[in-house]
Structures are given as C-alpha cells and as structure tokens.
Number of protein chains: 2
Amino acid sequence: MAKGTRTDRRLERGAKARQKILRAAEGVFAKHGLDGARTEAIARAAGVNKALLFYHFKSKTDLFAAVIEESAGGVHRHLMDLLSSQGPAKEILLQCVSEMIDAIARRPQNTTVFQRAMMADSKLAARTARTYFVPRTTKLAALIRRGVEEREFRPVDGRQTALLITSLIVFQFWGASVVRSLGYYDPFSKTHLKKRKQAVIDFVRYGLFRDQEVTPRDA
Amino acid sequence: MAKGTRTDRRLERGAKARQKILRAAEGVFAKHGLDGARTEAIARAAGVNKALLFYHFKSKTDLFAAVIEESAGGVHRHLMDLLSSQGPAKEILLQCVSEMIDAIARRPQNTTVFQRAMMADSKLAARTARTYFVPRTTKLAALIRRGVEEREFRPVDGRQTALLITSLIVFQFWGASVVRSLGYYDPFSKTHLKKRKQAVIDFVRYGLFRDQEVTPRDA
DNA sequence: ATTAAAATTAACCATCCGGTCAGTTAATTA
DNA sequence: TAATTAACTGACCGGATGGTTAATTTTAAT
C-alpha cells in the first residue's frame with residue numbers, strides 16, 4: 001500500500017477508544033476507588049463493551065495504573081524539571097506551589113485518583129509512591145535545604161517541611177467533593193480557587209521565608 | 001434474682017464481643033477501606049463467627065460508621081470543648097494542634113479510617129463530614145477569626161487557614177503506611193513524631209502569629 | 001424444672017463481578 | 001479476491017461475598 005499512509009486506521013481507532021476508556025475510568029475511579037469501581041460502569045461511561053477494557057488493559061488494576069500515569073505523568077515530569085532548575089529557592093518554590101495548585105484545579109479528579117492510589121492495595125500504593133511521590137518530595141526537600149543554606153529560609157528540616165508544604169497544597173482538595181456535596185460553597189469556583197492559592201502562598205511565605213518582601217507575584 | 005447483680009452476664013459478654021469486633025474492624029477497614037474490606041476477614045480477626053457481625057451491626061456500612069464513632073467520637077468532643085474555651089487564641093490553637101497530633105499518634109489507624117470515610121460512598125462521606133469535620137473546622141475558623149481580631153494573628157481568612165492547619169496535622173499520616181512500607185524510615189517512631197510535631201507547631205507559629213515569642217511550651 | 005432472652009454459630013443463598021472466549025467486523029496486505 | 005490482522009462484542013463462568021436462617025448454647029427469670 002501507499003507509503004504515505006502512516007497511520008493504520010485500525011490502530012488509530014484503537015488508540016481513540018483507549019483514550020475514551022482512560023477518561024471514563026478516571027471519573028469512575030475518582031468517585032469510587034479501585035475496589036469500589038465497577039468495570040461494567042467504566043465500560044458504560046466509555047460507551048464501549050466491557051471486554052474491551054481487558055483487551056486494552058489486562059486487568060482492572062492495570063487500568064488503574066494507566067489512569068494514573070496518563071493523568072499524573074505529565075505534570076510530574078514538569079515539576080521535576082522545575083524543582084531542579086537554577087535560581088533563587090524562594091522563586092522556584094513559589095512557582096512550584098502555584099503550578100501544583102493550577103494543575104490540581106485543572107483536573108481535580110486527577111488528585112483524587114492519585115490519593116486513592118496511595119490508599120489502595122499496598123503493592124500499588126508503594127509503586128505509585130516510589131514513582132511519583134517520593135522523587136518529588138525528595139527534590140522539594142533538597143530545594144528547601146538549599147534555601148536554608150543560602151539563608152533565604154529560616155532553619156528548618158528539609159524533609160519535614162517538604163511534607164508540610166505538600167500537605168498545604170493537596171489536602172484542601174481531599175475533601176472538596178464532600179464539601180461541595182454538603183452545599184456550603186463550591187470549592188472549585190474561580191473565586192475560591194484564587195483565595196485558596198493566595199492563602200497557601202502567604203502561609204508558605206510567612207512560615208518559611210526569612211523576609212517576605214522580595215518574592216515576585218506570579219501570573 | 002438478687003437485685004445486687006447489676007450486670008446481666010449475657011449483655012456483658014455481648015458488649016465485649018462487640019468491642020472485639022470494632023477493634024478488628026478498625027484494623028481491616030484502615031488497611032482495605034470500606035469496599036476492600038471483607039466481612040469474613042473482620043470476623044476472623046475478631047475471632048468470631050461472621051454472622052455475629054450482622055447480629056451486632058446490621059450491615060457492613062453500619063459497622064464502618066460505628067467504628068468511626070467509636071474511634072473518633074471521644075477526641076472529637078474533647079477538641080470541641082477545647083476550641084470553645086476561654087483564653088488567648090494562640091495558646092488554645094497550639095494546644096489543639098498538639099493534642100490532635102498526639103491523638104493521631106496514639107491510634108494511627110483511626111485517622112486512616114476517618115480519611116477513608118471521607119472518601120467513601122458520598123452519603124457516608126457527607127454524614128461523616130457533617131458530624132465531625134465541618135463542626136470542628138468551623139470552630140477552628142472562629143477561633144482564628146477571634147485571634148485575628150485580638151491582633152494575635154496576622155490578618156488571614158479564618159476558613160482557609162483552618163483548613164490549612166488541619167492539613168498540616170492530618171496529611172502527614174496520610175501516606176505514613178506507604179512510607180513505612182517503602183522502608184525509608186518509620187514515620188511513627190518516637191523520634192519522628194517529636195520532630196514532626198515541632199515542625200508543625202513552628203510552621204503554624206511563623207505562618208500565623210504576629211510575634212512568636214510568648215507561646216508557652218506544652219507538655 | 002421450665003420458660004424466656006440474648007448471644008452465637010454452621011450452613012446456605014442470591015447476586016455480583018472480574019475476567020474469558022469464541023466469534024464478528026473492519027481495515028490492511030499480498 | 002483471499003488471507004491476515006487488529007479492534008471489538010455478546011454471552012458466559014466460577015469464585016467470591018454480603019447477608020440470612022434455623023438451630024444451638026448460655027444465662028437469667030419464674
């Protein structure tokens with residue numbers, strides 16, 4: 001056949017279905033967790049036969065892992081680069097915080113699935129932690145240590161503080177769906193997201209920095 | 001029969017079994033979550049016939065709710081009292097932080113189950129949130145607002161900050177079992193607990209207080 | 001001693017659900 | 001056109017699992 005046709009339309013279609021499944025799975029897993037999710041429900045949400053899940057992914061657990069990689073992988077690699085970059089620790093840290101919050105706000109289900117992964121069966125949890133959580137936290141801790149040495153930060157334990165900052169960012173979204181369901185307010189509204197981001201940044205600045213003045217505002 | 005016998009030994013035995021079941025359930029639920037937990041496993045861990053679970057608690061979900069009440073209820077009420085008490089907001093806040101960490105350290109599974117509850121089926125999650133999380137956070141927010149008015153704290157949003165502080169306390173235990181399983185260090189060792197507590201308290205102090213000096217050290 | 005109650009259990013059951021399989025459809029190749 | 005291959009599906013299976021029931025044991029009341 002003509003060499004111009006680079007893409008086998010069968011493969012193309014397959015890839016598309018794969019994506020549909022991943023998106024559907026993300027939603028169902030976010031809502032119900034690994035154990036709570038029904039493969040049937042995922043298939044229905046994706047508009048696809050259930051057997052197709054097992055054709056593209058060999059098991060429910062594998063599908064779950066794929067969802068994580070697909071949804072967390074990109075941001076993760078970007079953050080790792082950012083954390084390794086040169087420049088004042090202050091700026092990098094705030095930039096990092098800001099981008100993490102943005103990333104979460106962009107795809108809230110993402111965070112939920114990730115948290116569920118860390119609470120799942122210990123094997124999967126360990127794998128997820130080793131792949132994403134540990135490397136990122138380690139790098140963040142290193143950045144903080146550097147900031148302390150360079151006298152930008154008050155003297156703190158790097159690892160502890162890395163965890164503290166991560167918690168500030170992540171935790172608020174943890175109960176977000178519950179908060180929303182309670183109807184008090186919408187934690188994902190523009191207004192609230194902005195306020196929250198500012199609160200986190202301020203808290204970090206006051207809690208960690210030696211002087212708050214310098215830090216430039218981010219977009 | 002003699003009126004002196006206050007306790008029917010049947011009821012006594014029943015209550016004891018009930019407790020055994022609750023303790024066993026706490027462990028299993030902490031490890032596997034509501035959906036992942038097997039009633040069979042709980043029964044085995046409690047050394048009891050499976051049917052007895054359904055005699056004492058009418059469903060798995062009910063058992064789960066009972067576990068939460070049993071393990072979170074006491075501390076919750078204590079904290080609510082503490083948060084309402086008179087005195088400098090600074091002191092009350094730090095006391096509260098300190099006691100929450102102690103409570104968690106005393107029974108780590110507790111926290112895990114609680115978090116699982118908040119991530120469970122939305123009905124149960126909403127109920128748990130309404131019973132424990134919302135009231136506590138609301139009171140904490142009020143305390144912070146008071147502290148701001150009385151110029152002990154820098155001007156912050158009460159609700160946001162209440163969430164931030166809660167996150168500092170709770171989050172670190174979130175991935176604790178994973179961290180332990182990875183074998184890097186034991187997040188529940190005396191040493192680490194002490195360091196962590198200090199880190200949280202310092203972070204709060206610097207992040208929120210107008211001046212850090214005064215605050216008395218707690219036992 | 002008899003009856004009543006609460007606690008406990010062995011044996012079951014109906015259903016659910018992850019996963020398989022034998023085949024169908026549609027695109028590609030020769 | 002025939003053969004090949006990838007994507008996809010309907011129907012099915014077997015084991016697991018939450019929950020029930022009928023009977024047994026244990027303690028108390030009369």
# chains A, B, ... in the order shown; residues from 1 in each chain; ligands from 1
>>> interface_residues(of="chain A", to="chain B", cutoff="6 Å", atoms="only C-alpha atoms", output="PyMOL selection string")
chain A and resi 35-36+126+164+167-168+171+178+203+206-207
>>> write_last_selection(atoms="N, CA and C atoms", output="tab-separated table (two decimals), in the first residue's frame")
chain	number	residue	atom	x	y	z
A	35	ASP	N	-11.36	-0.51	44.45
A	35	ASP	CA	-12.26	-1.60	44.83
A	35	ASP	C	-13.71	-1.28	44.53
A	36	GLY	N	-14.08	-0.03	44.74
A	36	GLY	CA	-15.48	0.35	44.56
A	36	GLY	C	-15.91	0.47	43.11
A	126	ALA	N	2.64	1.41	47.01
A	126	ALA	CA	4.09	1.54	47.09
A	126	ALA	C	4.67	1.95	45.73
A	164	LEU	N	5.16	19.22	54.76
A	164	LEU	CA	4.20	20.22	55.21
A	164	LEU	C	3.64	21.01	54.04
A	167	SER	N	1.36	19.05	51.90
A	167	SER	CA	0.05	18.89	52.54
A	167	SER	C	-0.82	20.12	52.35
A	168	LEU	N	-0.22	21.28	52.45
A	168	LEU	CA	-1.00	22.51	52.26
A	168	LEU	C	-1.67	22.52	50.90
A	171	PHE	N	-4.08	18.78	50.40
A	171	PHE	CA	-5.15	18.40	51.32
A	171	PHE	C	-6.48	19.08	51.06
A	178	VAL	N	-16.72	16.35	49.02
A	178	VAL	CA	-17.65	16.29	50.15
A	178	VAL	C	-18.17	17.68	50.47
A	203	PHE	N	0.90	31.59	53.48
A	203	PHE	CA	1.28	30.75	54.61
A	203	PHE	C	2.69	30.23	54.45
A	206	TYR	N	5.17	33.28	54.95
A	206	TYR	CA	5.37	33.64	56.35
A	206	TYR	C	5.98	32.50	57.15
A	207	GLY	N	5.54	31.29	56.84
A	207	GLY	CA	6.00	30.15	57.62
A	207	GLY	C	7.44	29.76	57.35
>>> interface_residues(of="chain B", to="chain C", cutoff="7 Å", atoms="only C-alpha atoms (C1' of nucleotides)", output="number ranges by chain")
B: 10, 14, 49, 52
>>> interface_residues(of="chain D", to="chain A", cutoff="12 Å", atoms="only C-alpha atoms (C1' of nucleotides)", output="PDB file with N, CA and C atoms (P, O5', C5', C4', C3', O3' and C1' of nucleotides), in the first residue's frame")
ATOM      1  P    DT D   5      -1.104 -12.603  10.290  1.00  0.00           P
ATOM      2  O5'  DT D   5      -1.546 -11.250  10.996  1.00  0.00           O
ATOM      3  C5'  DT D   5      -1.379  -9.999  10.318  1.00  0.00           C
ATOM      4  C4'  DT D   5      -2.285  -8.956  10.935  1.00  0.00           C
ATOM      5  C3'  DT D   5      -2.436  -9.059  12.465  1.00  0.00           C
ATOM      6  O3'  DT D   5      -2.246  -7.782  13.032  1.00  0.00           O
ATOM      7  C1'  DT D   5      -4.542  -8.883  11.457  1.00  0.00           C
ATOM      8  P    DA D   6      -1.758  -7.634  14.541  1.00  0.00           P
ATOM      9  O5'  DA D   6      -2.691  -6.465  15.067  1.00  0.00           O
ATOM     10  C5'  DA D   6      -2.845  -5.291  14.283  1.00  0.00           C
ATOM     11  C4'  DA D   6      -4.193  -4.670  14.573  1.00  0.00           C
ATOM     12  C3'  DA D   6      -4.539  -4.591  16.067  1.00  0.00           C
ATOM     13  O3'  DA D   6      -4.834  -3.246  16.396  1.00  0.00           O
ATOM     14  C1'  DA D   6      -6.335  -5.581  14.835  1.00  0.00           C
ATOM     15  P    DA D   7      -5.460  -2.871  17.856  1.00  0.00           P
ATOM     16  O5'  DA D   7      -7.026  -2.939  17.564  1.00  0.00           O
ATOM     17  C5'  DA D   7      -7.554  -2.082  16.561  1.00  0.00           C
ATOM     18  C4'  DA D   7      -9.066  -2.096  16.612  1.00  0.00           C
ATOM     19  C3'  DA D   7      -9.672  -1.826  17.974  1.00  0.00           C
ATOM     20  O3'  DA D   7     -10.775  -0.942  17.802  1.00  0.00           O
ATOM     21  C1'  DA D   7     -10.436  -3.918  17.178  1.00  0.00           C
ATOM     22  P    DC D   8     -11.559  -0.394  19.095  1.00  0.00           P
ATOM     23  O5'  DC D   8     -12.669  -1.506  19.269  1.00  0.00           O
ATOM     24  C5'  DC D   8     -13.582  -1.729  18.195  1.00  0.00           C
ATOM     25  C4'  DC D   8     -14.467  -2.918  18.487  1.00  0.00           C
ATOM     26  C3'  DC D   8     -15.142  -2.942  19.862  1.00  0.00           C
ATOM     27  O3'  DC D   8     -16.518  -2.622  19.676  1.00  0.00           O
ATOM     28  C1'  DC D   8     -14.437  -5.111  19.147  1.00  0.00           C
ATOM     29  P    DT D   9     -17.469  -2.469  20.955  1.00  0.00           P
ATOM     30  O5'  DT D   9     -18.152  -3.897  20.989  1.00  0.00           O
ATOM     31  C5'  DT D   9     -18.756  -4.412  19.808  1.00  0.00           C
ATOM     32  C4'  DT D   9     -19.340  -5.774  20.091  1.00  0.00           C
ATOM     33  C3'  DT D   9     -20.101  -5.908  21.415  1.00  0.00           C
ATOM     34  O3'  DT D   9     -21.417  -6.334  21.143  1.00  0.00           O
ATOM     35  C1'  DT D   9     -18.573  -7.707  21.128  1.00  0.00           C
ATOM     36  P    DG D  10     -22.590  -6.138  22.151  1.00  0.00           P
ATOM     37  O5'  DG D  10     -23.081  -7.632  22.315  1.00  0.00           O
ATOM     38  C5'  DG D  10     -23.278  -8.443  21.161  1.00  0.00           C
ATOM     39  C4'  DG D  10     -23.513  -9.881  21.576  1.00  0.00           C
ATOM     40  C3'  DG D  10     -24.440 -10.071  22.764  1.00  0.00           C
ATOM     41  O3'  DG D  10     -25.255 -11.227  22.536  1.00  0.00           O
ATOM     42  C1'  DG D  10     -22.277 -10.901  23.315  1.00  0.00           C
ATOM     43  P    DA D  11     -26.318 -11.719  23.626  1.00  0.00           P
ATOM     44  O5'  DA D  11     -25.549 -12.968  24.259  1.00  0.00           O
ATOM     45  C5'  DA D  11     -24.840 -13.867  23.409  1.00  0.00           C
ATOM     46  C4'  DA D  11     -24.070 -14.847  24.282  1.00  0.00           C
ATOM     47  C3'  DA D  11     -24.804 -15.257  25.564  1.00  0.00           C
ATOM     48  O3'  DA D  11     -24.760 -16.668  25.686  1.00  0.00           O
ATOM     49  C1'  DA D  11     -22.639 -14.480  26.091  1.00  0.00           C
TER      50       DA D  11
END
>>> atom_distance(atom1="atom CA of A:Thr137", atom2="atom CA of A:Leu94")
15.0 Å
>>> residues_around(residues="A:Ala24", least_positions_apart="6", cutoff="12 Å", atoms="only C-alpha atoms (C1' of nucleotides)", output="PyMOL selection string")
chain A and resi 17-18+30-31+37-48+53+63-64+67+109
